[in-house]
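J.: One structure is given below, represented as C-alpha cells, and several questions about it will come after.
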Protein chains: 4
Amino acid sequence: MSLNTFGHLFRVTTWGESHGPALGATVDGCPPGVPVDEAALQHWLDRRKPGTSKYTTQRREADAVRILSGVFEGQTTGTPVQLMIENTDQRSKDYGDIAEKFRPGHADITYWQKYGIRDYRGGGRSSARETAARVAAGGLARAALSELAPGIEITGYMTQMGPHGITGDRDMDQVDQNPFWVPSAETAETWAGYLEELRKSGNSVGAIIEVVARGVPAGLGAPVYGKIDTDLAAAMMSINAVKGVEIGEGMAAAMLTGEDNADEIFMGNDGQPVYSSNHAGGILGGITTGQDIVVRFAVKPTSSILKPRQTITKSGQATEIVTRGRHDPCVGIRAVPVGEAMMACVILDHLLLHRGQIGGEVGTHRGRIG
Amino acid sequence: MSLNTFGHLFRVTTWGESHGPALGATVDGCPPGVPVDEAALQHWLDRRKPGTSKYTTQRREADAVRILSGVFEGQTTGTPVQLMIENTDQRSKDYGDIAEKFRPGHADITYWQKYGIRDYRGGGRSSARETAARVAAGGLARAALSELAPGIEITGYMTQMGPHGITGDRDMDQVDQNPFWVPSAETAETWAGYLEELRKSGNSVGAIIEVVARGVPAGLGAPVYGKIDTDLAAAMMSINAVKGVEIGEGMAAAMLTGEDNADEIFMGNDGQPVYSSNHAGGILGGITTGQDIVVRFAVKPTSSILKPRQTITKSGQATEIVTRGRHDPCVGIRAVPVGEAMMACVILDHLLLHRGQIGGEVGTHRGRIG
Amino acid sequence: MSLNTFGHLFRVTTWGESHGPALGATVDGCPPGVPVDEAALQHWLDRRKPGTSKYTTQRREADAVRILSGVFEGQTTGTPVQLMIENTDQRSKDYGDIAEKFRPGHADITYWQKYGIRDYRGGGRSSARETAARVAAGGLARAALSELAPGIEITGYMTQMGPHGITGDRDMDQVDQNPFWVPSAETAETWAGYLEELRKSGNSVGAIIEVVARGVPAGLGAPVYGKIDTDLAAAMMSINAVKGVEIGEGMAAAMLTGEDNADEIFMGNDGQPVYSSNHAGGILGGITTGQDIVVRFAVKPTSSILKPRQTITKSGQATEIVTRGRHDPCVGIRAVPVGEAMMACVILDHLLLHRGQIGGEVGTHRGRIG
Amino acid sequence: MSLNTFGHLFRVTTWGESHGPALGATVDGCPPGVPVDEAALQHWLDRRKPGTSKYTTQRREADAVRILSGVFEGQTTGTPVQLMIENTDQRSKDYGDIAEKFRPGHADITYWQKYGIRDYRGGGRSSARETAARVAAGGLARAALSELAPGIEITGYMTQMGPHGITGDRDMDQVDQNPFWVPSAETAETWAGYLEELRKSGNSVGAIIEVVARGVPAGLGAPVYGKIDTDLAAAMMSINAVKGVEIGEGMAAAMLTGEDNADEIFMGNDGQPVYSSNHAGGILGGITTGQDIVVRFAVKPTSSILKPRQTITKSGQATEIVTRGRHDPCVGIRAVPVGEAMMACVILDHLLLHRGQIGGEVGTHRGRIG
C-alpha cells in the first residue's frame, strides 16, 4: 500500500500542501554513512526553484530544505530522514474563485468528488509544489549513489516544447546554459521566442523531457512486477501533468521490425558486453544492461491559463474561469529536475534491492561472461 | 516490496516458467461472494491462447486454468485464489543453442548477469507465457467487477502495427472479427498481407494496443504515488516487450497548448458533470473523472527472429544466432487480452482502495456537485 | 517493506531522534472528513508527557504537536497528515560517556554494530521519546474512530509492577486517578511506596500493561498473516522495551484444557451472539468476535540505572557504566498511553481494510446469524 | 498489504483450504543459486506430518510437496518458488453438522460473520493444515540460510503441556527422541501419561513452545517497526491457536529490576562482545546481539473436543456440539516445526534486508568494536 509512498527499500513519502505551513519528504531506508547536509540537497532544489526566469512561476519561495532527522555529524544514520520545506510565500489572497469553481484540466473536480473536502489554496496537494519534496529526496538519493556507485551520472533535459523539437546537433554542455535545459543553444533561442509569445497571450504549452542515467551497472531490476522500467514508468507518471512515459525507443518501437530493433551484442575490450545500439534504453526483461538508461516523459500544458474556459461550480452552475495566479507557461521546464530526482530514487532503490536479493556490493553479479 | 506481485488490495502474484511443470497466479484480497468458476476464467484465456491463427506462435497449449483454492460452491470466499495452468506442450527438444547464446533484445543476458542461473527453456520466467497467469487473474478481476460495479466495460484493440495505423473509421464491432483485434475490417486485411510477408521473411514487428474502460465511476485513484494512472503505467510497462505507455493524449500532450488541451466542464442532464473532450484520458490528478479511461502501450517487435543476428556466448565468444522456435511475428497481438486484464486488475484494486479510504459502495463519493 | 512504517491502509511512519530538532509521524491513509485539531491530539500527548510525576523522567518537554499537512478547516482531507513535535529540552550537555560506552540492555551496541554510526544523544532513535509520535498518531486514529465507529472505547492500565500485581477488586474509575494508571487506589499506594524506594536506590523495574478495546464490531481481521492479533502482537512488540505480548488468556492458555478454554456461544437478547467467557480476548481465527479485545504486554525495566554495570567501550575496553541522566524508574508507566495508541491504530487500520475487502460501513458483515 | 503474505524481502504467501484440491506457498524473493529439491523440503514436512503418533490427528496425508517453479537444475533461480501440497485424504464425509453449527473457540463464527461464506470442510482456511505450507516455505528458508549463513541452527521444542513443565535438566539430545519434542526423557514420559488420559476423555490441552536460533550474526533487525522481535512476534502470533509470544525473559521481564535484567557486556577471546546473561533473548532495540535468539509462544488447547459444548447455529438456534473428527489432543505438538519454520523465514528475511540496507555479506557490519 503506497498512496503517498514511492520505492521498495528506499522509500520516499511526500506530504504537504501548496499553501500549508510546510511540505516535505519522509525518507526511510537510506543506507547509513552517506555524507550529506542541507547544502547538498539545496543545490538540487535551487535548480528547480520557481522564479528563476520569466518562463516559470513568479512565486518566490526560498524553498530552503531542513533535515530534521536521520543525519548525525554530517552522515546518514540509517534511520528515517525527514526533509522539510516551509512555505514562506503564502500570499493571503482571496481564493474564493477557485474555491467554488473547478479549473478544467485540474484535479479540483476529482479531489472534490472523491474526498468531499479539498485544500483549494494553490491546488493544495495536487500542486506542482509537491515536487519540491521529490527533488529534496532525489538529492539524498544522489548523495547515496555517490557513495555506493560513484560513476553514475543522471542528466535531464527537454527535447520538445509544443511543436518545436531540437534543431541541429545536441550539445550536452548547453543543458545548463539556458532556462529550458535544452541541449542546443540555437533551439533555446527559438523556444524562448515561442514561449514568450505564448506567455503574453496567456496560454501554455506541453513538453517532453528526457532523462538519461549513465554508468548504471548491469543487473539492476527484478522481474516481473519489480522491473526497473515498471518502476520508472510509475515514477514518471506520478509526476503532476505527465501523460506518457517511454523507455528507449518508446512508442516508436511499434514501428520497427525485429531486425531493426535488435541491439546486437559484442565483447568489448574491457571484457564486458557492448551493444551495437540502444533501442532498449538500457533495460532488457526489466533488468539493466549496463548501457545508458533512457526515459522520456510528456508533460501536458499547464491547465491554469488566462484564456477563459467553460466550467461549473460546486453547486453545479455553469460558469467561466480565468486563472490569474502565478503560473508557468510551460510547467515541463520545472519537471526536468523532478524527472532526474525520480530516476535517482529508482536506481538507488533497485541497487539496494539487488544487494538484498543477490548480495555483494554494487556491480557484483552472480553471472560472469567470458 | 513486490517483485512478482501487483496491486495494493487486490494483489496478484504470478509464478512459473515457460517450460516448468506449471505457472499461475496467487490472488489475494479478492472480495468474498463473487460468483466464478474455471469456465469463466477460461473464456479470457482462450482469447489469448497461442496457436489460434498463423500470426501467433504455433505452440499448442490447452492453457486450461484450475482454481485450487479460495472458491467454494461457486463463489469466492475472501481467501487467496490459486489459479494454476499446467504446461502441457513442453517439447523435449535440444535447447543447447539458447542455453549458451544470448538472444539480442531478450532478457537472456540480463537474467544471466543478475542471477548467474536461468531457466533458458523457452525464455523461462521472461517468456510471454507468464502473461497467461495475468489473463487468468484478470478474469477473476472482471468477475469481481461484474459483481461490484456492473456497468464497467473493458475493451482492448490494436491501433498500430509497424508502419500501419488504422485506415478509415473505427468500427468497434470488428474488434472480435479479426485476428488482430483491430476495429476496422479494411485495416485487418491490410495488416494480414503485411504480416504474412513479414512472417515469411522471418522478421517481426511492433504494435500499439489501446485499452479503454467505460463506466468507471469518478473518484477512483489516490494521489500522489497511488494515482490510478501511475498504477496503469506500471501495469502496462510490466508486460513483456512494452516500451511506452500513454494516458489520454499521451506523448502528444507535449504538442498541445493549454487552450487546446483543456477538457471544459458542463453539467449533464443527469446532474453529473460532462466534459467537452477527453484529452485527459479519464484521469485528472490521478483520480478518475467518470469519462472513459484510455490507455495505450507500445510493444516492441519479437526479438526471436529467423534473421541471423550477432551476439556472444556465455563464455564471451562472438557468434551468430537464429531463433528457430515457435514465435509470434507480432507479439503485440497476444498483448491485447493482457492489457485488458491489467486494466481490470487496476480498476478493481482502486475500487477496493476507494472503499477502504472513503467507505460506501462503488460510486459513492463524499463530494457532490449541484 | 516497513522499517519505520506501521499499518496497511492507515499507515504511520515515525521519524526523529531524541535530541534532534524534531520528531513526528507521517500518517498516510487517514479517511477524509475527520474533525481534528492540534488540541485534540495534544490531549493524548499530555497523558504521556514525561515530568508529570516523580516516577517518570524529569525531562520537561512541552511536547507540543503541530499539524503540518492533511488538515484543512478543521477536517482531514485524505492526504498525508504530518505531525511534528519539536524537541525543546535538548540540554547541551556532555554526552561523551555514552558516546563511547555501550549501556547494557540498551540498543547502543546493536545500533553501532549494524550502522557504524549512531546518534547517541539521549538514545537517538531508540529513545522512548519516539513513542510521542505514536501517541500523536494514535490521537488521530481515535479521532477517525470517533467518526467511523463511535462506540469504541480503548483503555490501558497497569496490572503488574515488579513483584506487585493488583490487590483487591479492579475499579476502572481509579485508572486516571493515580500516576500508574492502575485500577485500584489501594494498589496505587503500595506501588508508590515500592517505586519510591526503588528510585532512591537508583534501580528500575518492569511492568505489565493491559489494553482493552470495547465496542469493536465483529468481523475485523484478515487471516492468515493479516490477522488482527498478528498486527496487535507486532504493534505492541515494536514499543521500546516490550518483551512479551498476550491476547486473552495469553501464555496461560497453555495451562488450560479445551473444555475450560472454550467460550461457549449463545444468542443475546439483541439478536447478536454472546459468549459465556472471553478466554479468546475477543479474537477467533484472527477476526474480532465483538467481545472486548484484551491485549497485555510486558515492559522490561529501564536499562539506564544508577547502579554500576560492567560493559565495554567502542574500542573494546572493559569499563563500568552508571547512567546519570533523567530516566524513569518504571518506563512501563509511560507505555500505557502508547499501548492505547497502537490499539487505536490497529483497529482503525483493520476497519479500513474491512471496508476495502468487504464493503459497506462499519459493522456491516456479509454473514448474518439468525 | 499482506493479508496472506509474510516477510519483507523473502515473501511467503500461503494459500489453500484444508479440504480443497491443494494448498501451498508462493515464495518470492528467494536468492538465486540455493541448492534445493523436493526431498530437502519433504524432510521438514515429515517432521510436522500428522498421524505420526497417537497424540496427533490420525488424518493420514502424504503431505508430499512439489516444486512447481523457481528451481532449475537443482538450484533456485531468483524467481518465485511455488510449493504445492495436494490434499489426498479428503474423506467424502457428511460435514452437515459443522456447516450449520459454530464450534466454540473456532474461527467458524467469525469467518461466517465477516465473509458470509466459508469453506467449513475441515476448517477450510483456518485449519492447522495451512501450516504445512509454512513448513515447506521454512524448509526453503533453511536451505537459503545454509548457503548464506552456514552456522545458524534453529531448534524448537516444547517446554510446557498443560500444568506440566519440564522436570529435571534439559537434554537437547532428547528433543528428537520423543513425540513431544521435549528436551527431557523423564518429562516425555510424564506428558505421555497425562496426554493419553486427556485424549481418552475427549479433552485437549495447551502448550508452550520455545524456538532458539543459534549462530545468528549481530546486526539483523531494523527499528522501529521492522524490528526483528516485532516480526517474530507477528510470525508466531499468526500461527493458529497462538495466544502469547515472548522474547527472552518475556512476560517475566515485568518482575525484574533493572539491575537483575541487565546483560552485562565483556570482550570475548575472539574479539567479539560477550554477555553475562541473555535476558534480552538475543535482541536489543530490535537488532540481534549475536547471542541466541529465544522465542516462546503459547498454543491454546484444540477447540474441537468430544466434550459437548453449548453453541448456536447459523440461523441463531441454541444447540450443543461435539466435534468427532480427527483431532489433536495437543495441537501444540505440531506447532513445533511451524515455529521453527517461521523463525527461519524471519531470520532469512532480515538477513536479506540487512544486505540491502547495509551491504556486504552476512556478518558484515559497519561498526566494529575494538
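Chain labels A, B, ... are given in the sequence in which chains occur in the C-alpha cells; within each chain residues are numbered consecutively from 1, and ligands are likewise numbered from 1 in the order shown.
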Compile the contact shell of stretch 97-100 of chain C as a ChimeraX atom specification: residues with an atom at most 8 Å away, counting only C-alpha atoms, same-chain residues fewer than 4 positions apart removed.
T.: /C:120-121,313-314
J.: Based on the selection just made, write C-alpha atoms of those residues as a PDB file, in the first residue's frame.
T.:
```pdb
ATOM      1  CA  TYR C 120      23.936   8.573  20.900  1.00  0.00           C
ATOM      2  CA  ARG C 121      22.403  11.736  22.356  1.00  0.00           C
ATOM      3  CA  THR C 313      33.749   0.801  25.021  1.00  0.00           C
ATOM      4  CA  LYS C 314      33.696   1.165  21.255  1.00  0.00           C
TER       5      LYS C 314
END
```
J.: Within 10 Å of chain D, which residues of chain A are there when counting only C-alpha atoms? Please give them as a PyMOL selection string.
T.: chain A and resi 1-2+8-10+29-33+78-80+148+222-224+349-362+366
J.: Which polymer residues have any atom within 7 Å of an atom of A:Pro35, counting only C-alpha atoms, with same-chain residues fewer than 6 positions away left out, as a PDB file with N, CA and C atoms, in the first residue's frame?
T.:
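Dumped to selection-v2.pdb:
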```pdb
ATOM      1  N   GLY A  74      26.915  14.977  10.052  1.00  0.00           N
ATOM      2  CA  GLY A  74      27.193  15.014   8.620  1.00  0.00           C
ATOM      3  C   GLY A  74      27.010  13.734   7.852  1.00  0.00           C
ATOM      4  N   GLN A  75      26.469  12.708   8.520  1.00  0.00           N
ATOM      5  CA  GLN A  75      26.240  11.446   7.822  1.00  0.00           C
ATOM      6  C   GLN A  75      24.871  10.879   8.162  1.00  0.00           C
ATOM      7  N   THR A  76      24.299  10.156   7.200  1.00  0.00           N
ATOM      8  CA  THR A  76      23.044   9.462   7.488  1.00  0.00           C
ATOM      9  C   THR A  76      23.310   8.355   8.501  1.00  0.00           C
TER      10      THR A  76
END
```
J.: Residues near stretch 245-247 of chain C, anyone? I mean within 7 Å using only C-alpha atoms, not counting same-chain ones fewer than 4 positions away, as a list of chain:residue names.
T.: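 Here the qualifying residues turn out to be C:Ala233, C:Met236, C:Met237, C:Met251, C:Gly281, C:Val294, C:Val295, C:Arg296, C:Phe297, C:Ala298, D:Lys243, D:Gly244, D:Val245, D:Glu246.
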J.: Selected residues, N, CA, C and O atoms, written as an mmCIF file, in the first residue's frame, please.
T.:
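Written file, out-v1.cif:
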```cif
data_model
loop_
_atom_site.group_PDB
_atom_site.id
_atom_site.type_symbol
_atom_site.label_atom_id
_atom_site.label_comp_id
_atom_site.auth_asym_id
_atom_site.auth_seq_id
_atom_site.Cartn_x
_atom_site.Cartn_y
_atom_site.Cartn_z
ATOM 1 N N ALA C 233 0.109 -7.990 18.054
ATOM 2 C CA ALA C 233 1.363 -8.504 18.614
ATOM 3 C C ALA C 233 2.539 -7.700 18.082
ATOM 4 O O ALA C 233 3.442 -7.304 18.835
ATOM 5 N N MET C 236 2.524 -4.037 19.602
ATOM 6 C CA MET C 236 2.975 -3.915 20.986
ATOM 7 C C MET C 236 4.452 -4.276 21.103
ATOM 8 O O MET C 236 5.206 -3.615 21.830
ATOM 9 N N MET C 237 4.879 -5.315 20.391
ATOM 10 C CA MET C 237 6.283 -5.718 20.486
ATOM 11 C C MET C 237 7.207 -4.639 19.915
ATOM 12 O O MET C 237 8.386 -4.591 20.284
ATOM 13 N N MET C 251 -0.198 -16.454 27.570
ATOM 14 C CA MET C 251 0.666 -17.595 27.849
ATOM 15 C C MET C 251 -0.052 -18.627 28.711
ATOM 16 O O MET C 251 0.215 -19.825 28.610
ATOM 17 N N GLY C 281 -9.993 -13.401 24.241
ATOM 18 C CA GLY C 281 -9.600 -11.999 24.153
ATOM 19 C C GLY C 281 -10.228 -11.296 22.975
ATOM 20 O O GLY C 281 -9.660 -10.349 22.426
ATOM 21 N N VAL C 294 -8.670 -7.890 24.326
ATOM 22 C CA VAL C 294 -7.826 -7.762 25.513
ATOM 23 C C VAL C 294 -6.385 -8.120 25.161
ATOM 24 O O VAL C 294 -6.094 -9.253 24.777
ATOM 25 N N VAL C 295 -5.502 -7.141 25.288
ATOM 26 C CA VAL C 295 -4.089 -7.338 24.973
ATOM 27 C C VAL C 295 -3.258 -6.939 26.187
ATOM 28 O O VAL C 295 -3.564 -5.954 26.845
ATOM 29 N N ARG C 296 -2.249 -7.725 26.463
ATOM 30 C CA ARG C 296 -1.315 -7.382 27.545
ATOM 31 C C ARG C 296 0.106 -7.409 26.992
ATOM 32 O O ARG C 296 0.430 -8.217 26.127
ATOM 33 N N PHE C 297 0.945 -6.553 27.537
ATOM 34 C CA PHE C 297 2.356 -6.636 27.158
ATOM 35 C C PHE C 297 3.246 -6.298 28.333
ATOM 36 O O PHE C 297 2.858 -5.542 29.227
ATOM 37 N N ALA C 298 4.427 -6.905 28.313
ATOM 38 C CA ALA C 298 5.374 -6.712 29.405
ATOM 39 C C ALA C 298 6.482 -5.777 28.958
ATOM 40 O O ALA C 298 7.045 -5.929 27.888
ATOM 41 N N LYS D 243 -1.695 -17.635 21.420
ATOM 42 C CA LYS D 243 -2.270 -16.529 22.195
ATOM 43 C C LYS D 243 -1.244 -15.663 22.896
ATOM 44 O O LYS D 243 -1.609 -14.673 23.548
ATOM 45 N N GLY D 244 0.039 -16.050 22.848
ATOM 46 C CA GLY D 244 1.046 -15.236 23.508
ATOM 47 C C GLY D 244 2.418 -15.490 22.903
ATOM 48 O O GLY D 244 2.693 -16.600 22.444
ATOM 49 N N VAL D 245 3.245 -14.456 22.900
ATOM 50 C CA VAL D 245 4.600 -14.569 22.369
ATOM 51 C C VAL D 245 5.559 -13.862 23.318
ATOM 52 O O VAL D 245 5.263 -12.767 23.801
ATOM 53 N N GLU D 246 6.682 -14.483 23.558
ATOM 54 C CA GLU D 246 7.684 -13.904 24.444
ATOM 55 C C GLU D 246 9.068 -13.940 23.796
ATOM 56 O O GLU D 246 9.402 -14.891 23.093
#
```
J.: Select, from D:Ile347, D:Gly162, D:Tyr194, D:Thr187, the residue with the minimum atom-to-atom distance to C:Gly258, counting only C-alpha atoms.
T.: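 Looking at the shortest contact to C:Gly258, the residue is D:Gly162.
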J.: How many Å lie between atom CA of C:Thr26 and atom CA of A:Asp28, rounded to one decimal?
T.: 11.3 Å
